[in-house]
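Heads up, entry.pdb below (PDB, C-alpha atoms):
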MODEL        1
ATOM      1  CA  MET A   1     103.114 -94.698 -67.929
ATOM      2  CA  ASN A   2     100.073 -96.895 -67.283
ATOM      3  CA  ARG A   3      96.971 -95.295 -65.922
ATOM      4  CA  PRO A   4      95.404 -96.987 -62.911
ATOM      5  CA  ARG A   5      92.587 -99.360 -63.819
ATOM      6  CA  VAL A   6      89.139 -97.951 -63.163
ATOM      7  CA  PRO A   7      86.331-100.348 -62.220
ATOM      8  CA  LEU A   8      83.992-101.300 -65.028
ATOM      9  CA  SER A   9      80.611 -99.554 -64.820
ATOM     10  CA  ILE A  10      77.847-101.931 -65.790
ATOM     11  CA  GLY A  11      74.548-100.430 -66.918
ATOM     12  CA  PHE A  12      70.963-101.431 -66.268
ATOM     13  CA  PRO A  13      68.395-103.342 -68.285
ATOM     14  CA  PRO A  14      65.960-101.226 -70.287
ATOM     15  CA  ILE A  15      62.807 -99.831 -68.746
ATOM     16  CA  ALA A  16      60.264-100.728 -71.426
ATOM     17  CA  ASP A  17      57.160-102.728 -72.165
ATOM     18  CA  ALA A  18      54.910-103.451 -75.150
ATOM     19  CA  ARG A  19      53.509 -99.875 -75.079
ATOM     20  CA  ALA A  20      56.918 -98.309 -75.809
ATOM     21  CA  CYS A  21      56.854 -95.859 -78.717
ATOM     22  CA  VAL A  22      59.746 -93.583 -77.741
ATOM     23  CA  LEU A  23      63.158 -94.597 -76.422
ATOM     24  CA  VAL A  24      65.159 -92.162 -74.294
ATOM     25  CA  LEU A  25      68.840 -93.047 -74.406
ATOM     26  CA  GLY A  26      71.581 -91.892 -72.086
ATOM     27  CA  SER A  27      75.219 -92.935 -72.349
ATOM     28  CA  LEU A  28      76.039 -94.944 -69.180
ATOM     29  CA  PRO A  29      74.765 -94.618 -65.595
ATOM     30  CA  GLY A  30      76.817 -92.319 -63.383
ATOM     31  CA  ARG A  31      78.244 -93.143 -59.977
ATOM     32  CA  LYS A  32      75.135 -92.202 -57.942
ATOM     33  CA  SER A  33      72.828 -94.139 -60.285
ATOM     34  CA  LEU A  34      75.045 -97.208 -59.970
ATOM     35  CA  GLU A  35      75.050 -96.887 -56.165
ATOM     36  CA  MET A  36      71.256 -96.526 -56.040
ATOM     37  CA  HIS A  37      70.522 -99.011 -58.874
ATOM     38  CA  GLU A  38      68.255 -96.384 -60.445
ATOM     39  CA  TYR A  39      68.354 -94.434 -63.676
ATOM     40  CA  TYR A  40      69.178 -90.742 -63.138
ATOM     41  CA  ALA A  41      69.582 -91.018 -59.348
ATOM     42  CA  GLN A  42      71.872 -87.966 -59.096
ATOM     43  CA  PRO A  43      69.544 -85.492 -57.317
ATOM     44  CA  TYR A  44      70.771 -82.520 -59.381
ATOM     45  CA  ASN A  45      70.080 -84.286 -62.667
ATOM     46  CA  ALA A  46      66.954 -82.726 -64.218
ATOM     47  CA  PHE A  47      65.660 -85.958 -65.798
ATOM     48  CA  TRP A  48      63.023 -86.792 -63.186
ATOM     49  CA  ARG A  49      61.925 -83.162 -62.820
ATOM     50  CA  ILE A  50      61.340 -83.081 -66.574
ATOM     51  CA  MET A  51      59.564 -86.459 -66.543
ATOM     52  CA  GLY A  52      57.488 -85.198 -63.628
ATOM     53  CA  SER A  53      56.380 -82.158 -65.600
ATOM     54  CA  LEU A  54      55.595 -84.173 -68.726
ATOM     55  CA  PHE A  55      54.218 -87.449 -67.394
ATOM     56  CA  GLY A  56      53.630 -87.072 -63.659
ATOM     57  CA  ALA A  57      56.731 -89.158 -62.847
ATOM     58  CA  GLU A  58      57.701 -86.808 -60.026
ATOM     59  CA  PRO A  59      61.087 -87.161 -58.299
ATOM     60  CA  ALA A  60      59.338 -87.515 -54.917
ATOM     61  CA  MET A  61      57.495 -90.665 -56.060
ATOM     62  CA  ALA A  62      58.861 -94.129 -55.413
ATOM     63  CA  TYR A  63      61.200 -95.176 -58.221
ATOM     64  CA  ALA A  64      58.951 -98.089 -59.292
ATOM     65  CA  GLU A  65      55.990 -95.689 -59.596
ATOM     66  CA  ARG A  66      58.006 -93.280 -61.740
ATOM     67  CA  LEU A  67      58.970 -96.130 -64.051
ATOM     68  CA  GLU A  68      55.370 -97.270 -64.357
ATOM     69  CA  ARG A  69      54.270 -93.723 -65.240
ATOM     70  CA  LEU A  70      56.817 -93.636 -68.045
ATOM     71  CA  ARG A  71      55.808 -97.075 -69.327
ATOM     72  CA  ALA A  72      52.134 -96.053 -69.231
ATOM     73  CA  HIS A  73      52.963 -93.126 -71.542
ATOM     74  CA  GLY A  74      54.962 -95.255 -73.974
ATOM     75  CA  VAL A  75      58.373 -94.044 -72.791
ATOM     76  CA  ALA A  76      61.263 -96.499 -72.616
ATOM     77  CA  VAL A  77      64.586 -95.620 -70.943
ATOM     78  CA  TRP A  78      67.960 -97.206 -71.565
ATOM     79  CA  ASP A  79      71.605 -96.387 -72.243
ATOM     80  CA  VAL A  80      73.683 -96.805 -75.368
ATOM     81  CA  LEU A  81      76.408 -98.540 -73.385
ATOM     82  CA  ALA A  82      76.053-101.774 -71.472
ATOM     83  CA  ALA A  83      79.418-101.196 -69.814
ATOM     84  CA  GLY A  84      82.558 -99.106 -69.826
ATOM     85  CA  GLU A  85      85.340 -97.878 -67.591
ATOM     86  CA  ARG A  86      84.755 -94.427 -66.189
ATOM     87  CA  GLU A  87      86.089 -92.641 -63.168
ATOM     88  CA  GLY A  88      83.330 -90.466 -61.765
ATOM     89  CA  SER A  89      80.195 -89.653 -63.733
ATOM     90  CA  LEU A  90      81.233 -87.408 -66.616
ATOM     91  CA  ASP A  91      80.649 -88.798 -70.097
ATOM     92  CA  SER A  92      84.008 -87.367 -71.131
ATOM     93  CA  ALA A  93      85.670 -89.756 -68.640
ATOM     94  CA  ILE A  94      84.382 -92.921 -70.374
ATOM     95  CA  GLN A  95      87.417 -94.815 -71.685
ATOM     96  CA  PRO A  96      86.639 -95.465 -75.390
ATOM     97  CA  SER A  97      88.641 -98.695 -75.541
ATOM     98  CA  THR A  98      86.478-100.257 -72.797
ATOM     99  CA  ILE A  99      82.972 -99.574 -74.066
ATOM    100  CA  VAL A 100      80.468-102.340 -74.669
ATOM    101  CA  VAL A 101      77.256-101.362 -76.452
ATOM    102  CA  ASN A 102      73.844-102.716 -75.569
ATOM    103  CA  ASP A 103      72.091-105.203 -77.880
ATOM    104  CA  PHE A 104      69.833-102.884 -79.835
ATOM    105  CA  GLY A 105      69.006-105.464 -82.493
ATOM    106  CA  GLU A 106      67.341-107.595 -79.828
ATOM    107  CA  PHE A 107      65.721-104.583 -78.159
ATOM    108  CA  PHE A 108      64.123-103.343 -81.390
ATOM    109  CA  ALA A 109      62.986-106.880 -82.273
ATOM    110  CA  GLN A 110      61.110-106.988 -78.948
ATOM    111  CA  HIS A 111      59.847-103.381 -79.080
ATOM    112  CA  ARG A 112      58.587-102.897 -82.616
ATOM    113  CA  GLY A 113      56.467 -99.900 -81.623
ATOM    114  CA  ILE A 114      59.477 -97.591 -81.122
ATOM    115  CA  ARG A 115      59.071 -94.688 -83.552
ATOM    116  CA  LEU A 116      61.340 -92.078 -81.974
ATOM    117  CA  ILE A 117      64.697 -92.173 -80.199
ATOM    118  CA  CYS A 118      65.537 -89.184 -77.986
ATOM    119  CA  PHE A 119      69.120 -88.847 -76.865
ATOM    120  CA  ASN A 120      69.787 -87.373 -73.451
ATOM    121  CA  GLY A 121      72.726 -85.306 -74.679
ATOM    122  CA  ASN A 122      75.297 -85.322 -77.454
ATOM    123  CA  THR A 123      77.477 -88.113 -76.061
ATOM    124  CA  ALA A 124      74.647 -90.650 -76.202
ATOM    125  CA  ALA A 125      73.786 -89.520 -79.740
ATOM    126  CA  GLY A 126      77.377 -89.779 -80.944
ATOM    127  CA  LEU A 127      77.920 -93.207 -79.411
ATOM    128  CA  TYR A 128      74.689 -94.492 -80.950
ATOM    129  CA  ARG A 129      75.481 -93.114 -84.399
ATOM    130  CA  ARG A 130      79.035 -94.499 -84.399
ATOM    131  CA  LYS A 131      78.683 -97.763 -82.512
ATOM    132  CA  VAL A 132      75.060 -98.919 -82.910
ATOM    133  CA  GLN A 133      73.285 -97.517 -85.957
ATOM    134  CA  PRO A 134      75.669 -98.937 -88.610
ATOM    135  CA  GLY A 135      74.966-102.494 -87.391
ATOM    136  CA  LEU A 136      71.182-102.240 -87.253
ATOM    137  CA  ALA A 137      68.719-103.733 -89.720
ATOM    138  CA  PRO A 138      67.258-101.105 -92.102
ATOM    139  CA  GLU A 139      63.951-100.587 -90.258
ATOM    140  CA  PRO A 140      65.367 -99.783 -86.798
ATOM    141  CA  ALA A 141      68.277 -97.873 -88.378
ATOM    142  CA  ALA A 142      65.681 -95.555 -89.962
ATOM    143  CA  ILE A 143      63.872 -94.680 -86.694
ATOM    144  CA  GLU A 144      63.651 -90.917 -86.234
ATOM    145  CA  THR A 145      66.146 -89.521 -83.727
ATOM    146  CA  ARG A 146      66.316 -86.261 -81.786
ATOM    147  CA  VAL A 147      69.208 -84.975 -79.714
ATOM    148  CA  LEU A 148      67.922 -83.251 -76.586
ATOM    149  CA  PRO A 149      69.864 -81.190 -74.068
ATOM    150  CA  SER A 150      71.529 -83.330 -71.451
ATOM    151  CA  THR A 151      69.694 -83.377 -68.142
ATOM    152  CA  SER A 152      73.043 -83.706 -66.365
ATOM    153  CA  PRO A 153      74.031 -80.914 -63.980
ATOM    154  CA  ALA A 154      77.370 -80.867 -65.849
ATOM    155  CA  TYR A 155      75.503 -79.419 -68.858
ATOM    156  CA  ALA A 156      74.863 -75.950 -67.502
ATOM    157  CA  SER A 157      74.564 -73.923 -70.722
ATOM    158  CA  LEU A 158      70.768 -74.112 -70.505
ATOM    159  CA  ARG A 159      68.527 -73.349 -67.546
ATOM    160  CA  PHE A 160      66.048 -75.989 -66.381
ATOM    161  CA  GLU A 161      63.158 -74.152 -68.066
ATOM    162  CA  GLN A 162      64.975 -74.212 -71.415
ATOM    163  CA  LYS A 163      65.723 -77.922 -71.088
ATOM    164  CA  LEU A 164      62.095 -78.604 -70.145
ATOM    165  CA  GLU A 165      60.863 -76.631 -73.154
ATOM    166  CA  ARG A 166      63.014 -78.666 -75.572
ATOM    167  CA  TRP A 167      62.135 -82.005 -74.003
ATOM    168  CA  SER A 168      58.471 -81.032 -73.989
ATOM    169  CA  ALA A 169      58.548 -80.109 -77.687
ATOM    170  CA  ALA A 170      60.108 -83.489 -78.539
ATOM    171  CA  LEU A 171      57.725 -85.540 -76.388
ATOM    172  CA  ARG A 172      54.590 -83.399 -76.642
ATOM    173  CA  GLY A 173      52.441 -86.081 -78.286
ATOM    174  CA  LEU A 174      53.083 -88.449 -75.403
ATOM    175  CA  ALA A 175      52.138 -86.072 -72.606
ATOM    176  CA  PRO A 176      48.748 -86.484 -70.952
ATOM    177  CA  ALA A 177      46.049 -84.408 -72.679
ATOM    178  CA  LYS A 178      45.738 -81.962 -69.772
ATOM    179  CA  GLN A 179      49.444 -81.093 -70.036
ATOM    180  CA  ARG A 180      49.723 -80.742 -73.810
ATOM    181  CA  GLY A 181      50.546 -77.307 -75.129
TER     182      GLY A 181
ENDMDL
END

Could I get this structure in the form of structure tokens?
Amino acid sequence: MNRPRVPLSIGFPPIADARACVLVLGSLPGRKSLEMHEYYAQPYNAFWRIMGSLFGAEPAMAYAERLERLRAHGVAVWDVLAAGEREGSLDSAIQPSTIVVNDFGEFFAQHRGIRLICFNGNTAAGLYRRKVQPGLAPEPAAIETRVLPSTSPAYASLRFEQKLERWSAALRGLAPAKQRG
């Protein structure tokens, strides 16, 4: 029995500039993000609340302002996947045979200041380790990585405060001086 074909979800370009020193990687934008053409647009996703606490990129700000706040603090945002078939927004619904990974060789060539990769959840980390890292040149393949709790509302084993604490510990050196612990 053939499953019905699901439309291909196509991701976004990276949010990054020459100041980038940390790369936050998700898996693939969910339905609401694709509709809004914005990273982490699902209002119950904790990403922008966490970025607001750490870098002043508050959810109430205009999207372009939030992105500029992140860039100003050396934070780049992207996804491991450039495209893939997925019904809904759950990472578990991504059809493995349809995934297309982003061009990380080119990204790291253009952003040589990246010294840390933070994964927004285990799915992004697993995809990166299996599909991206083996094909990288030695220098980018050796960049330090940290798996952080997913900011998705589907990951409910941690409260917001616990997620914020772990993200803060990973990104502490990037936070403005007045917010450092």

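Omitting range 73-79 of chain A and its sequence neighbours fewer than 3 positions away, and counting all atoms listed in the file, the residues within 6 Å are Pro14, Ile15, Ala16, Arg19, Ala20, Cys21, Val22, Leu23, Val24, Leu25, Gly26, Ser27, Leu28 and Leu70 of chain A.
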
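Take CA of Arg71 in chain A and CA of Ile114 in chain A: the distance between them is 12.4 Å.
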
request  = Rounded to one decimal place, report the CA of Phe119 in chain A-CA of Arg146 in chain A distance in Å.
outcome  = 6.2 Å

ask   = Could you name the residues that touch Pro149 in chain A at 10 Å or less, counting all atoms listed in the file, but leaving out those on the same chain fewer than 5 positions away, as a list in words?
value = Cys118, Phe119, Asn120, Gly121, Asn122, Tyr155, Ala156, Ser157, Leu158, Gln162, Lys163, Leu164, Arg166 and Trp167 of chain A

task = Please measure the separation of CA of Pro140 in chain A and CA of Gly105 in chain A, giving the value in Å to one decimal.
result = 8.0 Å

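Distance annotation: of A:Ala57, A:Ile117, A:Val132, A:Ala142, the residue with the minimal separation from Ala72 in chain A is A:Ala57; atom set is all atoms listed in the file.
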
Completion step: range 52-88 of chain A with N, CA and C atoms as a PDB file, in the frame of the given file:
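Result file part-v7.pdb:
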ATOM      1  N   GLY A  52      58.601 -85.563 -64.504  1.00  0.00           N
ATOM      2  CA  GLY A  52      57.488 -85.198 -63.628  1.00  0.00           C
ATOM      3  C   GLY A  52      56.582 -84.174 -64.290  1.00  0.00           C
ATOM      4  N   SER A  53      57.165 -83.182 -64.911  1.00  0.00           N
ATOM      5  CA  SER A  53      56.380 -82.158 -65.600  1.00  0.00           C
ATOM      6  C   SER A  53      55.612 -82.727 -66.782  1.00  0.00           C
ATOM      7  N   LEU A  54      56.220 -83.649 -67.511  1.00  0.00           N
ATOM      8  CA  LEU A  54      55.595 -84.173 -68.726  1.00  0.00           C
ATOM      9  C   LEU A  54      54.630 -85.322 -68.482  1.00  0.00           C
ATOM     10  N   PHE A  55      54.978 -86.215 -67.542  1.00  0.00           N
ATOM     11  CA  PHE A  55      54.218 -87.449 -67.394  1.00  0.00           C
ATOM     12  C   PHE A  55      53.772 -87.751 -65.967  1.00  0.00           C
ATOM     13  N   GLY A  56      54.006 -86.834 -65.045  1.00  0.00           N
ATOM     14  CA  GLY A  56      53.630 -87.072 -63.659  1.00  0.00           C
ATOM     15  C   GLY A  56      54.566 -88.019 -62.928  1.00  0.00           C
ATOM     16  N   ALA A  57      55.739 -88.278 -63.485  1.00  0.00           N
ATOM     17  CA  ALA A  57      56.731 -89.158 -62.847  1.00  0.00           C
ATOM     18  C   ALA A  57      57.627 -88.290 -61.960  1.00  0.00           C
ATOM     19  N   GLU A  58      57.047 -87.766 -60.915  1.00  0.00           N
ATOM     20  CA  GLU A  58      57.701 -86.808 -60.026  1.00  0.00           C
ATOM     21  C   GLU A  58      58.865 -87.421 -59.259  1.00  0.00           C
ATOM     22  N   PRO A  59      59.934 -86.648 -59.042  1.00  0.00           N
ATOM     23  CA  PRO A  59      61.087 -87.161 -58.299  1.00  0.00           C
ATOM     24  C   PRO A  59      60.742 -87.666 -56.901  1.00  0.00           C
ATOM     25  N   ALA A  60      59.703 -87.109 -56.272  1.00  0.00           N
ATOM     26  CA  ALA A  60      59.338 -87.515 -54.917  1.00  0.00           C
ATOM     27  C   ALA A  60      58.637 -88.877 -54.872  1.00  0.00           C
ATOM     28  N   MET A  61      58.182 -89.360 -56.007  1.00  0.00           N
ATOM     29  CA  MET A  61      57.495 -90.665 -56.060  1.00  0.00           C
ATOM     30  C   MET A  61      58.504 -91.791 -55.873  1.00  0.00           C
ATOM     31  N   ALA A  62      58.015 -92.936 -55.463  1.00  0.00           N
ATOM     32  CA  ALA A  62      58.861 -94.129 -55.413  1.00  0.00           C
ATOM     33  C   ALA A  62      59.365 -94.423 -56.823  1.00  0.00           C
ATOM     34  N   TYR A  63      60.576 -94.918 -56.927  1.00  0.00           N
ATOM     35  CA  TYR A  63      61.200 -95.176 -58.221  1.00  0.00           C
ATOM     36  C   TYR A  63      60.316 -96.083 -59.093  1.00  0.00           C
ATOM     37  N   ALA A  64      59.790 -97.155 -58.526  1.00  0.00           N
ATOM     38  CA  ALA A  64      58.951 -98.089 -59.292  1.00  0.00           C
ATOM     39  C   ALA A  64      57.720 -97.384 -59.863  1.00  0.00           C
ATOM     40  N   GLU A  65      57.150 -96.453 -59.106  1.00  0.00           N
ATOM     41  CA  GLU A  65      55.990 -95.689 -59.596  1.00  0.00           C
ATOM     42  C   GLU A  65      56.371 -94.787 -60.755  1.00  0.00           C
ATOM     43  N   ARG A  66      57.545 -94.141 -60.642  1.00  0.00           N
ATOM     44  CA  ARG A  66      58.006 -93.280 -61.740  1.00  0.00           C
ATOM     45  C   ARG A  66      58.169 -94.101 -63.015  1.00  0.00           C
ATOM     46  N   LEU A  67      58.766 -95.283 -62.882  1.00  0.00           N
ATOM     47  CA  LEU A  67      58.970 -96.130 -64.051  1.00  0.00           C
ATOM     48  C   LEU A  67      57.651 -96.546 -64.665  1.00  0.00           C
ATOM     49  N   GLU A  68      56.681 -96.868 -63.834  1.00  0.00           N
ATOM     50  CA  GLU A  68      55.370 -97.270 -64.357  1.00  0.00           C
ATOM     51  C   GLU A  68      54.689 -96.106 -65.069  1.00  0.00           C
ATOM     52  N   ARG A  69      54.837 -94.899 -64.550  1.00  0.00           N
ATOM     53  CA  ARG A  69      54.270 -93.723 -65.240  1.00  0.00           C
ATOM     54  C   ARG A  69      54.865 -93.578 -66.632  1.00  0.00           C
ATOM     55  N   LEU A  70      56.179 -93.741 -66.732  1.00  0.00           N
ATOM     56  CA  LEU A  70      56.817 -93.636 -68.045  1.00  0.00           C
ATOM     57  C   LEU A  70      56.318 -94.734 -68.987  1.00  0.00           C
ATOM     58  N   ARG A  71      56.288 -95.965 -68.484  1.00  0.00           N
ATOM     59  CA  ARG A  71      55.808 -97.075 -69.327  1.00  0.00           C
ATOM     60  C   ARG A  71      54.371 -96.826 -69.784  1.00  0.00           C
ATOM     61  N   ALA A  72      53.538 -96.312 -68.893  1.00  0.00           N
ATOM     62  CA  ALA A  72      52.134 -96.053 -69.231  1.00  0.00           C
ATOM     63  C   ALA A  72      51.991 -95.013 -70.344  1.00  0.00           C
ATOM     64  N   HIS A  73      52.987 -94.150 -70.488  1.00  0.00           N
ATOM     65  CA  HIS A  73      52.963 -93.126 -71.542  1.00  0.00           C
ATOM     66  C   HIS A  73      53.792 -93.525 -72.763  1.00  0.00           C
ATOM     67  N   GLY A  74      54.226 -94.769 -72.814  1.00  0.00           N
ATOM     68  CA  GLY A  74      54.962 -95.255 -73.974  1.00  0.00           C
ATOM     69  C   GLY A  74      56.425 -94.870 -74.006  1.00  0.00           C
ATOM     70  N   VAL A  75      56.976 -94.475 -72.855  1.00  0.00           N
ATOM     71  CA  VAL A  75      58.373 -94.044 -72.791  1.00  0.00           C
ATOM     72  C   VAL A  75      59.238 -95.183 -72.265  1.00  0.00           C
ATOM     73  N   ALA A  76      60.258 -95.525 -73.034  1.00  0.00           N
ATOM     74  CA  ALA A  76      61.263 -96.499 -72.616  1.00  0.00           C
ATOM     75  C   ALA A  76      62.550 -95.740 -72.290  1.00  0.00           C
ATOM     76  N   VAL A  77      63.327 -96.254 -71.355  1.00  0.00           N
ATOM     77  CA  VAL A  77      64.586 -95.620 -70.943  1.00  0.00           C
ATOM     78  C   VAL A  77      65.679 -96.675 -70.962  1.00  0.00           C
ATOM     79  N   TRP A  78      66.817 -96.287 -71.523  1.00  0.00           N
ATOM     80  CA  TRP A  78      67.960 -97.206 -71.565  1.00  0.00           C
ATOM     81  C   TRP A  78      69.209 -96.377 -71.779  1.00  0.00           C
ATOM     82  N   ASP A  79      70.336 -97.038 -71.932  1.00  0.00           N
ATOM     83  CA  ASP A  79      71.605 -96.387 -72.243  1.00  0.00           C
ATOM     84  C   ASP A  79      72.199 -97.026 -73.481  1.00  0.00           C
ATOM     85  N   VAL A  80      72.991 -96.268 -74.196  1.00  0.00           N
ATOM     86  CA  VAL A  80      73.683 -96.805 -75.368  1.00  0.00           C
ATOM     87  C   VAL A  80      74.680 -97.874 -74.929  1.00  0.00           C
ATOM     88  N   LEU A  81      75.370 -97.621 -73.834  1.00  0.00           N
ATOM     89  CA  LEU A  81      76.408 -98.540 -73.385  1.00  0.00           C
ATOM     90  C   LEU A  81      75.908 -99.512 -72.331  1.00  0.00           C
ATOM     91  N   ALA A  82      76.314-100.750 -72.483  1.00  0.00           N
ATOM     92  CA  ALA A  82      76.053-101.774 -71.472  1.00  0.00           C
ATOM     93  C   ALA A  82      77.111-101.702 -70.382  1.00  0.00           C
ATOM     94  N   ALA A  83      78.318-101.259 -70.767  1.00  0.00           N
ATOM     95  CA  ALA A  83      79.418-101.196 -69.814  1.00  0.00           C
ATOM     96  C   ALA A  83      80.543-100.327 -70.368  1.00  0.00           C
ATOM     97  N   GLY A  84      81.382 -99.877 -69.455  1.00  0.00           N
ATOM     98  CA  GLY A  84      82.558 -99.106 -69.826  1.00  0.00           C
ATOM     99  C   GLY A  84      83.280 -98.649 -68.572  1.00  0.00           C
ATOM    100  N   GLU A  85      84.567 -98.402 -68.721  1.00  0.00           N
ATOM    101  CA  GLU A  85      85.340 -97.878 -67.591  1.00  0.00           C
ATOM    102  C   GLU A  85      85.196 -96.373 -67.552  1.00  0.00           C
ATOM    103  N   ARG A  86      84.890 -95.874 -66.365  1.00  0.00           N
ATOM    104  CA  ARG A  86      84.755 -94.427 -66.189  1.00  0.00           C
ATOM    105  C   ARG A  86      84.997 -94.101 -64.730  1.00  0.00           C
ATOM    106  N   GLU A  87      85.888 -93.151 -64.518  1.00  0.00           N
ATOM    107  CA  GLU A  87      86.089 -92.641 -63.168  1.00  0.00           C
ATOM    108  C   GLU A  87      85.142 -91.465 -62.997  1.00  0.00           C
ATOM    109  N   GLY A  88      84.305 -91.526 -61.976  1.00  0.00           N
ATOM    110  CA  GLY A  88      83.330 -90.466 -61.765  1.00  0.00           C
ATOM    111  C   GLY A  88      82.100 -90.670 -62.636  1.00  0.00           C
TER     112      GLY A  88
END
